[in-house]
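Reviewing the structure listed below.
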Amino acid sequence: MAEKMRKRSDYITWDEYFMGVAYLAGMRSKDPNTQVGCCIVDENHKILSIGYNGFPSGVSDDEFPWDREGDMLDTKYPFVTHSELNAILNYQGGSLRGSELYVSLFPCNECAKAIIQAGIRTVVYDSDKYDGTPSIIASKKMFDAAGVRYVQYERTGRKIEIDL
């Protein structure tokens, strides 16, 4: 009698999958300096929404600035919507209460407010390169006060290649 086939064991984990989706979403960003992606999931591991940093719909990414320095209105900062806010605003299904958010860069204070208001309970982030800045200090203070859990993604070192 033939040996029973077993499932494969090298499949990616949920965390790898969702952080991978966040990074893939970030690749849609046209920002020449920073590409951030976000993926929001429910308790059943279903993707609810995805976002990346870019200009709002209808705002031309050819006519508005991508600069990081100069007069405020000559930079991207007053115009770009961050990945987390885009994912929250893109969701068409009702409430995000109790969901988890995977994001490639720790959320700024403005996104933290939206995450809290949306009822998202957990933030899984990869990079925390702005740790210690006023924006991130404020984010963490608000998350702590609101009971939003934030955990850094534990990289596995797995390489995934996709031919498109």
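Letters for chains follow the order of the structure tokens (A, B, ...), residue numbers begin at 1 for each chain, and ligand numbers begin at 1 in the order shown.
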(request) Enumerate as a PyMOL selection string all residues of chain A assigned to helix (DSSP H, G or I) by DSSP on the backbone, naming them with the chain letters and numbers the document uses. (result) chain A and resi 14-26+72-74+83-90+109-118+134-146
Write a file of the just-selected residues containing C-alpha atoms, as a tab-separated table (two decimals), in the first residue's frame.
```tsv
chain	number	residue	atom	x	y	z
A	14	TRP	CA	0.40	34.16	8.43
A	15	ASP	CA	2.78	36.90	9.56
A	16	GLU	CA	5.05	36.33	6.54
A	17	TYR	CA	2.01	36.34	4.25
A	18	PHE	CA	0.46	39.55	5.56
A	19	MET	CA	3.75	41.45	5.89
A	20	GLY	CA	4.59	40.24	2.38
A	21	VAL	CA	1.28	41.64	1.13
A	22	ALA	CA	2.06	44.93	2.88
A	23	TYR	CA	5.47	45.12	1.19
A	24	LEU	CA	3.95	44.19	-2.17
A	25	ALA	CA	1.35	46.95	-1.75
A	26	GLY	CA	4.14	49.41	-0.95
A	72	MET	CA	5.90	73.07	2.77
A	73	LEU	CA	3.70	73.44	-0.32
A	74	ASP	CA	6.65	72.48	-2.53
A	83	SER	CA	-0.59	53.63	3.65
A	84	GLU	CA	-2.45	53.04	6.92
A	85	LEU	CA	-4.97	55.81	6.30
A	86	ASN	CA	-5.42	54.64	2.70
A	87	ALA	CA	-6.13	51.09	3.89
A	88	ILE	CA	-8.65	52.35	6.47
A	89	LEU	CA	-10.37	54.62	3.95
A	90	ASN	CA	-10.32	51.94	1.22
A	109	ASN	CA	0.87	60.06	15.05
A	110	GLU	CA	-1.77	61.03	12.46
A	111	CYS	CA	-2.18	57.43	11.30
A	112	ALA	CA	-2.18	56.26	14.93
A	113	LYS	CA	-5.26	58.42	15.53
A	114	ALA	CA	-7.06	56.84	12.57
A	115	ILE	CA	-6.01	53.32	13.66
A	116	ILE	CA	-7.39	53.92	17.14
A	117	GLN	CA	-10.62	55.48	15.87
A	118	ALA	CA	-11.16	52.58	13.46
A	134	PRO	CA	8.07	63.25	18.45
A	135	SER	CA	5.62	61.68	15.97
A	136	ILE	CA	6.46	58.11	16.96
A	137	ILE	CA	6.62	58.92	20.67
A	138	ALA	CA	3.10	60.37	20.33
A	139	SER	CA	1.92	57.30	18.40
A	140	LYS	CA	3.16	54.91	21.07
A	141	LYS	CA	1.68	57.03	23.88
A	142	MET	CA	-1.72	57.02	22.15
A	143	PHE	CA	-1.55	53.28	21.36
A	144	ASP	CA	-0.67	52.55	25.00
A	145	ALA	CA	-3.51	54.76	26.29
A	146	ALA	CA	-6.05	53.23	23.89
```
(request) Could you pull out the residues in chain A that DSSP calls strand (DSSP E) from the backbone, as number ranges by chain? (result) A: 37-41, 47-52, 100-105, 122-127, 149-152
Produce a file of the selected residues containing C-alpha atoms, as a PDB file, in the first residue's frame.
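What ended up in part_17.pdb:
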```
ATOM      1  CA  GLY A  37       2.448  49.313   2.395  1.00  0.00           C
ATOM      2  CA  CYS A  38      -0.287  48.198   4.746  1.00  0.00           C
ATOM      3  CA  CYS A  39      -2.589  45.180   5.032  1.00  0.00           C
ATOM      4  CA  ILE A  40      -5.548  44.946   7.440  1.00  0.00           C
ATOM      5  CA  VAL A  41      -6.832  41.482   8.400  1.00  0.00           C
ATOM      6  CA  ILE A  47      -7.608  40.397   4.214  1.00  0.00           C
ATOM      7  CA  LEU A  48     -10.006  43.291   4.700  1.00  0.00           C
ATOM      8  CA  SER A  49      -8.100  46.123   3.035  1.00  0.00           C
ATOM      9  CA  ILE A  50      -4.759  47.160   1.591  1.00  0.00           C
ATOM     10  CA  GLY A  51      -3.121  50.568   1.172  1.00  0.00           C
ATOM     11  CA  TYR A  52       0.096  52.290   0.190  1.00  0.00           C
ATOM     12  CA  GLU A 100      -4.932  43.631  12.891  1.00  0.00           C
ATOM     13  CA  LEU A 101      -2.870  45.993  10.758  1.00  0.00           C
ATOM     14  CA  TYR A 102       0.422  44.944   9.147  1.00  0.00           C
ATOM     15  CA  VAL A 103       2.601  47.826   7.986  1.00  0.00           C
ATOM     16  CA  SER A 104       6.152  48.096   6.722  1.00  0.00           C
ATOM     17  CA  LEU A 105       6.925  51.291   8.733  1.00  0.00           C
ATOM     18  CA  THR A 122      -3.053  45.232  16.905  1.00  0.00           C
ATOM     19  CA  VAL A 123      -0.337  46.833  14.778  1.00  0.00           C
ATOM     20  CA  VAL A 124       2.404  44.581  13.411  1.00  0.00           C
ATOM     21  CA  TYR A 125       5.170  46.752  11.988  1.00  0.00           C
ATOM     22  CA  ASP A 126       8.527  46.036  10.403  1.00  0.00           C
ATOM     23  CA  SER A 127      10.765  49.104  10.423  1.00  0.00           C
ATOM     24  CA  ARG A 149      -1.032  46.417  20.908  1.00  0.00           C
ATOM     25  CA  TYR A 150       2.005  47.035  18.695  1.00  0.00           C
ATOM     26  CA  VAL A 151       4.603  44.393  17.966  1.00  0.00           C
ATOM     27  CA  GLN A 152       7.590  44.383  15.697  1.00  0.00           C
TER      28      GLN A 152
END
```
(message) Which residues are close to Arg97 (chain A), i.e. within 8 Å by only C-alpha atoms, leaving aside same-chain residues fewer than 3 positions away? Reply as number ranges by chain.
(response) A: 118-121
Selection above as a file: N, CA and C atoms, as a compact mmCIF listing (two decimals), in the first residue's frame:
```txt
# COMPACT_ATOMS: atom_id res chain seq x y z
N ALA A 118 -10.57 53.67 14.24
CA ALA A 118 -11.16 52.58 13.46
C ALA A 118 -11.38 51.33 14.29
N GLY A 119 -10.81 51.27 15.49
CA GLY A 119 -11.00 50.11 16.35
C GLY A 119 -10.01 48.99 16.09
N ILE A 120 -8.95 49.27 15.34
CA ILE A 120 -7.92 48.26 15.08
C ILE A 120 -7.20 48.00 16.40
N ARG A 121 -7.03 46.72 16.75
CA ARG A 121 -6.51 46.36 18.07
C ARG A 121 -5.03 46.02 18.10
```
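Atom pair CA of Asp131 (chain A) / CA of Leu96 (chain A): separated by 26.3 Å.
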(request) Find, counting only C-alpha atoms, the residue in A:Tyr91, A:Thr81, A:Gly98, A:Thr13 that gets nearest to Glu43 (chain A). (result)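 So, comparing all the options, the nearest one is A:Gly98.
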(request) Can you work out which one of A:Asp10, A:His82, A:Gly94, A:Arg28 has the shortest atom-to-atom distance to Arg158 (chain A), counting only C-alpha atoms? (result)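 Among the listed residues, the smallest separation from Arg158 (chain A) belongs to A:Asp10.
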(message) My list of candidates is A:Phe79, A:Ser99, A:Arg8, A:Asp67. Which is closest to Asp42 (chain A) when distances are computed with only C-alpha atoms?
(response)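 Result for the nearest residue to Asp42 (chain A): A:Ser99.
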